[in-house]
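This is start_34.tsv (TSV, C-alpha atoms).
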chain	number	residue	atom	x	y	z
A	1	MET	CA	-24.29	-8.81	-3.62
A	2	LEU	CA	-22.47	-5.79	-5.01
A	3	GLY	CA	-18.76	-6.44	-5.56
A	4	LEU	CA	-15.97	-4.57	-7.27
A	5	ASP	CA	-16.62	-6.42	-10.52
A	6	ASN	CA	-20.34	-5.72	-10.93
A	7	CYS	CA	-20.18	-2.28	-9.34
A	8	LEU	CA	-19.11	-0.73	-12.63
A	9	THR	CA	-22.17	-2.17	-14.39
A	10	ALA	CA	-24.25	-0.18	-11.92
A	11	VAL	CA	-22.12	2.93	-12.49
A	12	MET	CA	-22.51	2.63	-16.25
A	13	ALA	CA	-26.29	2.50	-15.75
A	14	ILE	CA	-26.22	6.13	-14.57
A	15	PRO	CA	-27.89	8.21	-17.31
A	16	GLY	CA	-25.27	9.78	-19.58
A	17	ALA	CA	-22.34	7.60	-18.38
A	18	LEU	CA	-19.68	7.25	-21.11
A	19	ASP	CA	-16.97	5.27	-19.36
A	20	ALA	CA	-16.12	4.31	-15.80
A	21	MET	CA	-13.21	3.00	-13.80
A	22	LEU	CA	-12.33	1.89	-10.28
A	23	VAL	CA	-8.96	3.23	-9.16
A	24	ASP	CA	-6.84	2.30	-6.16
A	25	HIS	CA	-5.69	5.71	-4.97
A	26	THR	CA	-2.67	4.45	-3.04
A	27	SER	CA	-0.98	2.71	-5.94
A	28	GLY	CA	-2.66	4.51	-8.83
A	29	MET	CA	-3.81	1.20	-10.29
A	30	ALA	CA	-6.90	0.60	-12.41
A	31	VAL	CA	-8.86	-2.04	-10.46
A	32	ALA	CA	-11.68	-2.41	-12.97
A	33	VAL	CA	-12.46	-0.68	-16.24
A	34	SER	CA	-15.65	-0.31	-18.25
A	35	GLY	CA	-16.15	1.20	-21.71
A	36	GLN	CA	-12.74	2.78	-22.08
A	37	PRO	CA	-12.67	5.12	-25.10
A	38	ASP	CA	-10.23	4.51	-27.99
A	39	GLY	CA	-6.76	5.88	-27.51
A	40	VAL	CA	-6.94	5.98	-23.71
A	41	ASP	CA	-4.71	3.56	-21.85
A	42	PRO	CA	-6.55	2.62	-18.64
A	43	GLU	CA	-3.29	2.17	-16.71
A	44	LYS	CA	-2.05	5.63	-17.61
A	45	SER	CA	-5.48	7.10	-17.09
A	46	ALA	CA	-5.72	5.62	-13.57
A	47	ALA	CA	-2.27	6.88	-12.62
A	48	ALA	CA	-3.07	10.34	-13.99
A	49	LEU	CA	-6.40	10.53	-12.15
A	50	THR	CA	-4.61	9.59	-8.94
A	51	GLU	CA	-2.15	12.44	-9.39
A	52	THR	CA	-5.03	14.84	-10.13
A	53	LEU	CA	-6.74	13.84	-6.92
A	54	ARG	CA	-3.56	14.05	-4.88
A	55	ALA	CA	-2.80	17.53	-6.18
A	56	THR	CA	-6.36	18.59	-5.36
A	57	VAL	CA	-6.23	17.27	-1.82
A	58	GLU	CA	-2.87	18.94	-1.26
A	59	GLY	CA	-4.11	22.22	-2.73
A	60	LEU	CA	-7.27	22.18	-0.67
A	61	ALA	CA	-5.31	21.44	2.49
A	62	HIS	CA	-4.00	25.00	2.23
A	63	SER	CA	-7.32	26.65	1.42
A	64	CYS	CA	-9.79	24.88	3.70
A	65	PRO	CA	-10.66	26.04	7.19
A	66	GLY	CA	-9.37	23.68	9.85
A	67	ASP	CA	-6.29	21.54	9.74
A	68	THR	CA	-7.34	18.46	7.83
A	69	VAL	CA	-9.26	18.03	4.63
A	70	ARG	CA	-11.45	15.15	3.53
A	71	VAL	CA	-12.56	15.08	-0.08
A	72	ASP	CA	-15.83	13.21	-0.72
A	73	ASP	CA	-16.15	13.76	-4.41
A	74	MET	CA	-14.71	15.91	-7.14
A	75	LEU	CA	-16.22	17.21	-10.38
A	76	ILE	CA	-14.26	18.49	-13.34
A	77	THR	CA	-16.03	19.66	-16.47
A	78	THR	CA	-14.11	19.63	-19.73
A	79	ASP	CA	-15.12	19.80	-23.37
A	80	LYS	CA	-15.10	15.97	-23.28
A	81	GLY	CA	-17.67	15.67	-20.52
A	82	HIS	CA	-18.18	15.84	-16.79
A	83	HIS	CA	-15.57	13.83	-14.89
A	84	LEU	CA	-16.95	12.73	-11.56
A	85	LEU	CA	-14.72	11.09	-8.95
A	86	ARG	CA	-15.92	9.71	-5.64
A	87	MET	CA	-13.51	8.60	-2.94
A	88	LEU	CA	-14.53	5.72	-0.70
A	89	ASP	CA	-12.84	5.12	2.60
A	90	THR	CA	-12.20	1.43	3.00
A	91	LEU	CA	-10.92	-0.63	5.87
A	92	PHE	CA	-7.81	-1.30	3.85
A	93	GLU	CA	-5.67	1.59	2.64
A	94	GLY	CA	-7.45	3.34	-0.15
A	95	PRO	CA	-9.32	5.41	-0.75
A	96	LEU	CA	-10.95	3.47	-3.51
A	97	VAL	CA	-12.01	5.88	-6.23
A	98	ILE	CA	-15.02	5.49	-8.51
A	99	TYR	CA	-14.50	7.49	-11.66
A	100	VAL	CA	-17.18	8.11	-14.24
A	101	ARG	CA	-17.19	10.34	-17.32
A	102	LEU	CA	-20.61	11.74	-18.18
A	103	ASP	CA	-22.01	13.14	-21.39
A	104	LEU	CA	-22.31	16.94	-21.27
A	105	GLU	CA	-25.80	16.96	-22.79
A	106	ARG	CA	-27.43	13.78	-21.62
A	107	SER	CA	-26.37	13.64	-17.98
A	108	ASN	CA	-27.87	14.98	-14.78
A	109	LEU	CA	-25.11	15.79	-12.33
A	110	ALA	CA	-27.27	15.80	-9.22
A	111	LEU	CA	-28.68	12.41	-10.10
A	112	ALA	CA	-25.23	11.04	-10.94
A	113	ARG	CA	-23.79	12.18	-7.59
A	114	HIS	CA	-26.78	10.73	-5.77
A	115	ARG	CA	-26.40	7.38	-7.53
A	116	LEU	CA	-22.66	7.22	-6.82
A	117	ARG	CA	-23.25	7.93	-3.14
A	118	ALA	CA	-25.89	5.20	-2.94
A	119	LEU	CA	-23.59	2.77	-4.74
A	120	SER	CA	-20.66	3.43	-2.44
A	121	ASP	CA	-22.89	2.85	0.60
A	122	GLN	CA	-23.88	-0.51	-0.87
A	123	LEU	CA	-20.33	-1.44	-1.80
A	124	LEU	CA	-18.69	-0.67	1.53
A	125	ALA	CA	-21.48	-0.61	4.08
B	126	MET	CA	16.51	-22.17	-10.47
B	127	PRO	CA	14.12	-20.10	-12.62
B	128	PRO	CA	12.74	-16.88	-11.16
B	129	LEU	CA	9.35	-17.06	-9.48
B	130	ASP	CA	7.45	-15.25	-12.23
B	131	THR	CA	8.63	-17.75	-14.88
B	132	LEU	CA	7.55	-20.59	-12.64
B	133	LEU	CA	4.15	-18.96	-12.09
B	134	ALA	CA	3.74	-18.33	-15.81
B	135	GLY	CA	4.27	-22.07	-16.36
B	136	LEU	CA	1.66	-22.97	-13.74
B	137	ALA	CA	-0.72	-20.45	-15.31
B	138	ARG	CA	-0.27	-22.04	-18.76
B	139	GLU	CA	-1.07	-25.46	-17.33
B	140	ARG	CA	-4.12	-23.96	-15.55
B	141	SER	CA	-2.94	-25.50	-12.29
B	142	THR	CA	-4.78	-25.32	-8.98
B	143	GLY	CA	-2.84	-25.42	-5.75
B	144	ALA	CA	-0.37	-23.66	-3.49
B	145	LEU	CA	3.20	-22.75	-4.40
B	146	ARG	CA	5.26	-22.43	-1.25
B	147	VAL	CA	8.34	-20.23	-1.61
B	148	GLY	CA	10.40	-21.30	1.38
B	149	ARG	CA	9.69	-19.07	4.34
B	150	ALA	CA	9.11	-16.01	2.16
B	151	GLY	CA	5.49	-16.81	1.38
B	152	THR	CA	2.92	-18.79	-0.59
B	153	VAL	CA	1.08	-18.24	-3.85
B	154	PHE	CA	-2.37	-19.79	-4.26
B	155	LEU	CA	-3.61	-20.55	-7.74
B	156	ASP	CA	-6.99	-21.58	-9.08
B	157	GLU	CA	-7.00	-22.87	-12.67
B	158	GLY	CA	-3.91	-20.85	-13.45
B	159	ARG	CA	-5.07	-17.59	-11.92
B	160	VAL	CA	-3.70	-16.25	-8.66
B	161	THR	CA	-6.34	-16.07	-5.94
B	162	TYR	CA	-4.22	-15.23	-2.93
B	163	MET	CA	-0.65	-14.51	-1.90
B	164	ASP	CA	0.96	-14.66	1.51
B	165	CYS	CA	4.22	-12.90	2.23
B	166	ALA	CA	6.20	-12.87	5.44
B	167	GLN	CA	7.07	-9.20	4.96
B	168	THR	CA	3.57	-7.83	4.41
B	169	PRO	CA	0.34	-7.96	6.44
B	170	GLY	CA	-2.23	-10.49	5.17
B	171	VAL	CA	-5.98	-9.99	4.88
B	172	GLU	CA	-6.71	-11.56	8.30
B	173	ARG	CA	-4.26	-9.20	9.96
B	174	LEU	CA	-5.72	-6.16	8.15
B	175	LEU	CA	-9.28	-7.07	9.07
B	176	ALA	CA	-8.27	-7.57	12.69
B	177	ALA	CA	-6.14	-4.39	12.76
B	178	ARG	CA	-9.16	-2.33	11.69
B	179	GLY	CA	-11.22	-3.90	14.48
B	180	ARG	CA	-13.81	-5.41	12.14
B	181	VAL	CA	-13.36	-9.07	13.03
B	182	SER	CA	-11.20	-10.45	15.83
B	183	GLU	CA	-8.48	-12.91	14.88
B	184	ALA	CA	-10.14	-15.56	17.03
B	185	ALA	CA	-13.44	-15.11	15.18
B	186	LEU	CA	-11.56	-15.36	11.90
B	187	ARG	CA	-9.94	-18.63	12.97
B	188	ARG	CA	-13.36	-20.01	13.93
B	189	LEU	CA	-14.74	-18.97	10.56
B	190	GLN	CA	-11.79	-20.50	8.75
B	191	ALA	CA	-12.45	-23.82	10.44
B	192	ASP	CA	-16.20	-23.68	10.02
B	193	GLY	CA	-18.20	-21.92	7.33
B	194	GLY	CA	-15.32	-20.18	5.62
B	195	CYS	CA	-15.59	-17.12	3.45
B	196	GLU	CA	-19.34	-17.54	2.72
B	197	GLN	CA	-20.08	-17.40	6.42
B	198	LEU	CA	-17.85	-14.34	6.90
B	199	LEU	CA	-19.79	-12.43	4.24
B	200	GLU	CA	-23.14	-13.67	5.53
B	201	GLN	CA	-22.47	-12.55	9.09
B	202	GLY	CA	-21.82	-9.13	7.63
B	203	PRO	CA	-18.84	-7.53	9.38
B	204	VAL	CA	-17.33	-7.18	5.90
B	205	THR	CA	-19.06	-6.60	2.59
B	206	LEU	CA	-18.06	-8.40	-0.59
B	207	GLY	CA	-16.65	-5.17	-2.01
B	208	GLU	CA	-14.50	-4.58	1.05
B	209	LEU	CA	-13.20	-8.13	1.11
B	210	GLN	CA	-12.34	-8.02	-2.59
B	211	TYR	CA	-10.54	-4.72	-2.17
B	212	CYS	CA	-8.71	-6.04	0.86
B	213	VAL	CA	-7.60	-9.19	-0.99
B	214	LEU	CA	-6.60	-7.12	-4.00
B	215	GLY	CA	-4.45	-4.80	-1.93
B	216	ALA	CA	-2.87	-7.53	0.18
B	217	VAL	CA	-2.04	-9.75	-2.80
B	218	LEU	CA	-0.42	-6.94	-4.78
B	219	ASP	CA	1.51	-5.88	-1.71
B	220	ALA	CA	2.74	-9.45	-1.20
B	221	ALA	CA	3.54	-9.87	-4.91
B	222	PHE	CA	5.72	-6.79	-4.85
B	223	PHE	CA	8.07	-8.48	-2.36
B	224	LEU	CA	7.51	-12.13	-3.23
B	225	LEU	CA	7.91	-12.11	-7.03
B	226	PRO	CA	11.57	-11.05	-7.03
B	227	THR	CA	12.43	-13.83	-4.53
B	228	THR	CA	15.20	-16.13	-5.65
B	229	GLY	CA	17.32	-18.74	-3.96
B	230	THR	CA	14.69	-21.06	-2.50
B	231	ARG	CA	13.20	-23.84	-4.57
B	232	PRO	CA	9.41	-23.39	-4.42
B	233	LYS	CA	7.26	-26.44	-3.69
B	234	PHE	CA	3.90	-26.89	-5.40
B	235	ARG	CA	1.09	-28.65	-3.56
B	236	PRO	CA	-1.76	-29.36	-5.98
B	237	GLY	CA	-5.34	-28.85	-4.91
B	238	GLU	CA	-4.64	-26.60	-1.93
B	239	ARG	CA	-6.71	-23.41	-1.68
B	240	HIS	CA	-6.75	-20.35	0.56
B	241	TRP	CA	-9.99	-19.86	2.44
B	242	LEU	CA	-10.22	-16.17	1.51
B	243	GLY	CA	-9.14	-16.76	-2.10
B	244	GLY	CA	-11.49	-16.96	-5.04
B	245	ARG	CA	-13.07	-13.55	-4.48
B	246	TRP	CA	-10.79	-11.78	-6.89
B	247	TYR	CA	-8.63	-13.27	-9.64
B	248	PHE	CA	-5.30	-12.02	-10.94
B	249	ASP	CA	-3.62	-13.20	-14.10
B	250	VAL	CA	0.11	-13.77	-13.70
B	251	PRO	CA	1.34	-11.39	-16.47
B	252	GLY	CA	-0.94	-8.70	-15.01
B	253	LEU	CA	0.60	-9.15	-11.56
B	254	VAL	CA	4.15	-8.98	-12.93
B	255	ARG	CA	3.30	-5.87	-14.94
B	256	GLU	CA	1.69	-4.14	-11.97
B	257	CYS	CA	4.72	-4.86	-9.76
B	258	ALA	CA	7.04	-3.41	-12.40
B	259	ARG	CA	4.80	-0.34	-12.65
B	260	ARG	CA	4.89	0.11	-8.87
B	261	ARG	CA	8.67	-0.15	-8.83
B	262	ALA	CA	8.96	2.41	-11.61
B	263	ARG	CA	6.62	4.73	-9.72
B	264	LEU	CA	8.80	4.55	-6.60
B	265	ALA	CA	11.89	5.36	-8.66
B	266	GLN	CA	10.12	8.25	-10.32
B	267	ILE	CA	9.30	9.87	-6.98
B	268	TRP	CA	12.75	9.43	-5.44
B	269	PRO	CA	15.42	7.43	-7.27
B	270	ALA	CA	17.53	6.24	-4.31
B	271	ALA	CA	16.24	2.85	-3.15
B	272	ASP	CA	18.22	2.97	0.10
B	273	VAL	CA	15.37	4.85	1.82
B	274	ASP	CA	13.31	1.63	1.64
B	275	THR	CA	15.70	-0.28	3.85
B	276	ALA	CA	17.29	2.47	5.94
B	277	PRO	CA	15.78	3.65	9.24
B	278	VAL	CA	13.23	6.41	8.62
B	279	ARG	CA	14.51	9.64	10.19
B	280	PRO	CA	12.41	12.76	9.70
B	281	THR	CA	14.43	16.00	9.81
B	282	SER	CA	14.13	17.81	13.10
B	283	ARG	CA	13.37	21.15	11.45
B	284	LEU	CA	11.42	22.21	8.39
B	285	ALA	CA	13.35	24.01	5.67
B	286	GLY	CA	10.28	26.16	5.04
B	287	ARG	CA	7.34	27.42	7.05
B	288	ALA	CA	4.59	24.90	6.33
B	289	VAL	CA	4.15	21.50	4.80
B	290	ALA	CA	1.16	19.36	3.79
B	291	LEU	CA	1.29	15.72	4.82
B	292	SER	CA	-0.93	12.87	3.64
B	293	ASP	CA	-2.52	10.55	6.20
B	294	VAL	CA	0.12	7.84	5.77
B	295	GLN	CA	2.93	10.39	5.99
B	296	TRP	CA	1.47	11.77	9.19
B	297	GLU	CA	1.39	8.29	10.73
B	298	ILE	CA	4.97	7.70	9.64
B	299	VAL	CA	6.24	10.93	11.16
B	300	VAL	CA	4.41	10.20	14.40
B	301	ARG	CA	5.69	6.62	14.69
B	302	ALA	CA	9.23	6.98	13.27
B	303	ASP	CA	11.70	6.44	16.09
B	304	GLY	CA	14.89	6.80	14.07
B	305	GLU	CA	15.40	3.02	14.05
B	306	ALA	CA	12.43	1.49	12.22
B	307	THR	CA	12.61	0.96	8.46
B	308	SER	CA	9.69	1.33	6.05
B	309	PRO	CA	8.53	-2.32	6.22
B	310	GLU	CA	8.76	-2.30	10.02
B	311	LEU	CA	6.69	0.89	10.19
B	312	ALA	CA	4.13	-0.65	7.83
B	313	LYS	CA	3.68	-3.54	10.23
B	314	ARG	CA	3.26	-1.22	13.20
B	315	LEU	CA	0.75	0.95	11.37
B	316	GLY	CA	-1.22	-1.97	9.91
B	317	ARG	CA	-0.74	-0.48	6.45
B	318	SER	CA	0.49	-2.02	3.24
B	319	SER	CA	4.26	-1.97	2.87
B	320	TYR	CA	4.00	-0.37	-0.55
B	321	SER	CA	1.96	2.59	0.69
B	322	VAL	CA	4.51	3.25	3.43
B	323	MET	CA	7.43	2.98	0.99
B	324	LEU	CA	5.64	5.38	-1.33
B	325	ALA	CA	4.98	7.88	1.45
B	326	VAL	CA	8.58	7.62	2.71
B	327	ARG	CA	9.97	8.28	-0.77
B	328	ARG	CA	7.69	11.32	-1.09
B	329	LEU	CA	8.96	12.56	2.28
B	330	ALA	CA	12.52	12.08	1.04
B	331	ALA	CA	11.78	13.93	-2.19
B	332	ALA	CA	10.28	16.80	-0.19
B	333	GLY	CA	13.48	17.02	1.84
B	334	LEU	CA	11.75	15.96	5.05
B	335	LEU	CA	13.99	12.99	5.73
B	336	VAL	CA	17.62	12.67	6.73
B	337	THR	CA	18.86	10.68	3.74
B	338	GLY	CA	21.98	9.37	2.02
B	339	GLU	CA	25.22	11.03	3.10
B	340	GLN	CA	23.59	12.95	5.92
B	341	ALA	CA	22.28	9.70	7.36
B	342	SER	CA	25.63	7.92	7.20
B	343	ALA	CA	27.29	10.90	8.87
B	344	LEU	CA	24.99	10.42	11.83
B	345	PRO	CA	26.42	8.36	14.66
B	346	LYS	CA	25.45	4.71	14.41
B	347	ARG	CA	25.01	2.62	17.50
B	348	ASP	CA	27.70	0.09	16.63
B	349	ARG	CA	30.32	2.62	15.59
B	350	ARG	CA	33.03	3.53	18.04
B	351	PRO	CA	33.56	7.22	18.74
B	352	GLU	CA	37.11	7.37	17.39
B	353	ALA	CA	36.01	5.74	14.13
B	354	ARG	CA	33.47	8.50	13.75
B	355	GLN	CA	36.09	11.17	14.22
B	356	GLN	CA	38.37	9.51	11.67
B	357	ALA	CA	35.53	9.52	9.17
B	358	GLY	CA	35.64	13.28	9.48
B	359	GLY	CA	31.97	13.62	10.43
B	360	PRO	CA	31.10	16.80	12.25
B	361	ARG	CA	31.07	16.38	15.99
B	362	PRO	CA	27.47	16.74	17.11
B	363	ALA	CA	26.93	19.61	19.49
B	364	GLY	CA	26.82	18.12	22.97
B	365	PRO	CA	24.43	19.10	25.68
B	366	LEU	CA	25.20	22.15	27.80
B	367	GLY	CA	27.38	21.57	30.83
B	368	PRO	CA	30.64	19.71	31.34
B	369	PRO	CA	31.84	17.51	28.43
B	370	VAL	CA	30.65	13.92	28.56
B	371	THR	CA	33.47	11.42	28.77
B	372	ALA	CA	32.86	8.01	27.34
B	373	ASP	CA	35.47	5.30	27.48
B	374	PRO	CA	35.05	3.19	24.32
B	375	THR	CA	35.63	-0.03	26.26
B	376	ASP	CA	32.70	0.85	28.54
B	377	ILE	CA	30.46	1.47	25.56
B	378	GLU	CA	31.45	-1.84	24.04
B	379	LEU	CA	30.68	-3.62	27.27
B	380	LEU	CA	27.29	-1.91	27.47
B	381	LEU	CA	26.53	-2.85	23.87
B	382	ARG	CA	27.48	-6.48	24.52
B	383	LEU	CA	25.29	-6.47	27.61
B	384	LYS	CA	22.42	-4.94	25.67
B	385	LYS	CA	22.75	-7.54	22.92
B	386	ALA	CA	22.82	-10.36	25.46
B	387	LEU	CA	19.72	-8.99	27.17
B	388	GLU	CA	17.92	-8.67	23.87
B	389	GLU	CA	18.75	-12.26	23.02
B	390	LEU	CA	17.47	-13.37	26.41
B	391	SER	CA	14.06	-11.74	26.03

Any chance you could give the structure as structure tokens?
Amino acid sequence: MLGLDNCLTAVMAIPGALDAMLVDHTSGMAVAVSGQPDGVDPEKSAAALTETLRATVEGLAHSCPGDTVRVDDMLITTDKGHHLLRMLDTLFEGPLVIYVRLDLERSNLALARHRLRALSDQLLA
Amino acid sequence: MPPLDTLLAGLARERSTGALRVGRAGTVFLDEGRVTYMDCAQTPGVERLLAARGRVSEAALRRLQADGGCEQLLEQGPVTLGELQYCVLGAVLDAAFFLLPTTGTRPKFRPGERHWLGGRWYFDVPGLVRECARRRARLAQIWPAADVDTAPVRPTSRLAGRAVALSDVQWEIVVRADGEATSPELAKRLGRSSYSVMLAVRRLAAAGLLVTGEQASALPKRDRRPEARQQAGGPRPAGPLGPPVTADPTDIELLLRLKKALEELS
């Protein structure tokens, strides 16, 4: 059965995955970490990703049609790779965020998004 | 008596298994020195959260607890392993935030006792203590005055600007705030973690959407007599249109005493 602990193994199996993390969006806490690069503190990284997401949701709230906004996933491309974040609605608080950094050359974004969606369905069906 | 985290660190070193009961405040469950579950009187537990979201009724949970336990719960499939782990994770950290600073009661350790939902996610004691400190620092960073955590949540009646963006938790708070309930009380009503409500309330305060600090104490309190308010120099609130309302302080006191007596009766 897929749990929070072995979910990251599946995320890291996505072609081109460099490192991955599960983040609790409410508290900004790193729930699980896999393959963190040198010089990156997972705690700080999780808190920073949370703020990034929060700013995005707030920004989009003003630029989306309708009154409420629901972000499913978010993609940011930097010189260090593609950063893909997927938000999962859970029955408790949340959202739970799956974060994965993908290699610019070796990854396939469409495949990565598809895999993340499939994984989240398995994790919180 | 040593603080709770020192006591837990000791139990962790000895790789103890059992339940540490902290008076009425709550219980910490350990398995070989790692925390598997934490109960706190001030925060909703996993059972309550599952029931509040309508996944499993509390009666069904009690039946499962008596027969089959956690394995059965996962097998029947109203909750996936991932959801249960995330639920336990959130509930335990929420409880730890309030339970770890507890002092004054001598905790009792009962070896061998386990929680039926424990053992799905493990926390090491230093990690828990660190995370609680981080959460506290985060609250202070958003809005430094801790009094908003314990004071009644009072949203301002008018916006200072034209528009504002609210998060889902903030929306629920604004809808349910009645000017009396504090953050932990609202969390219970909303079926949300206390920490998330405290966080959202501090963000509201930082955005100037709450009546806070001096403004709040200038507001009339229920137990304060009218003349005391005038002596304090607070501005007299604009009364309703029409003839002035006369209120004899002795009548108000009698009404308050009556109200208190009625509340105690029910």

task: Return the neighbours of chain B among the residues of chain A, cut-off 8 Å, counting all atoms listed in the file, as a VMD selection string.
output: chain A and resid 1 to 4 26 to 27 29 58 61 to 62 90 to 93 123 to 125

query: Could you pull the residues within 12 Å of Gly16 (chain A), counting only C-alpha atoms, minus those fewer than 2 positions along the same chain, as a list in words?
result: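 In the requested format, the answer is Val11, Met12, Ala13, Ile14, Leu18, Asp19, Ala20, Gly81, His82, His83, Leu84, Val100, Arg101, Leu102, Asp103, Leu104, Glu105, Arg106, Ser107, Asn108, Leu109, Leu111 and Ala112 of chain A.
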
task: Mind giving me the straight-line distance from CA of Val273 (chain B) to CA of Pro128 (chain B) in Å, one decimal?
output: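 Going from CA of Val273 (chain B) over to CA of Pro128 (chain B), I get 25.4 Å.
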
Between CA of Asp164 (chain B) and CA of Thr152 (chain B) - distance in Å to one decimal: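 Separation between CA of Thr152 (chain B) and CA of Asp164 (chain B): 5.0 Å.
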
query: Rounded to one decimal in Å, what is the spacing between CA of Leu311 (chain B) and CA of Leu49 (chain A)?
result: 27.6 Å

Selected residue, from A:Ala47, A:Leu53, A:Met21, A:Leu60, that lies nearest to Met74 (chain A) when counting all atoms listed in the file: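 Counting all atoms listed in the file, the residue closest to Met74 (chain A) is A:Leu53.
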
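Considering the residues B:Pro226, B:Gly170, B:Gly244, B:Ala330 and counting all atoms listed in the file, Glu183 (chain B) has its shortest atom-to-atom contact with B:Gly170.
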
message: So that I can check the surroundings of Asp24 (chain A), please list as a list in words every protein, DNA and RNA residue that reaches within 9 Å of it, counting only C-alpha atoms and ignoring chain neighbours fewer than 6 positions away.
response: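 Non-adjacent residues within range: Ala30, Val31, Ala46, Thr50, Glu93, Gly94, Pro95, Leu96 and Val97 of chain A; Tyr211 and Gly215 of chain B.
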
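Every protein or nucleic acid residue with an atom no more than 9 Å from region 306-309 of chain B, counting only C-alpha atoms and leaving out same-chain residues fewer than 6 positions away, appears here: B:Gln167, B:Thr168, B:Val273, B:Asp274, B:Thr275, B:Ala276, B:Pro277, B:Val278, B:Arg279, B:Ile298, B:Ser318, B:Ser319, B:Tyr320, B:Val322, B:Met323, B:Val326.
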
- prompt: Nearest to Met87 (chain A) among A:Ala10, A:Val23, A:Ala118, A:Pro42, with distances taken over all atoms listed in the file: which residue is it?
  reply: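 Closest to Met87 (chain A), using all atoms listed in the file: A:Val23.
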
Quick one: what's the axis-aligned box for region 11-25 of chain A, all listed atoms, 4 Å on every side, centre and edges in Å to one decimal, as AutoDock Vina command-line options?
--center_x -16.8 --center_y 5.8 --center_z -13.0 --size_x 30.2 --size_y 15.9 --size_z 24.1
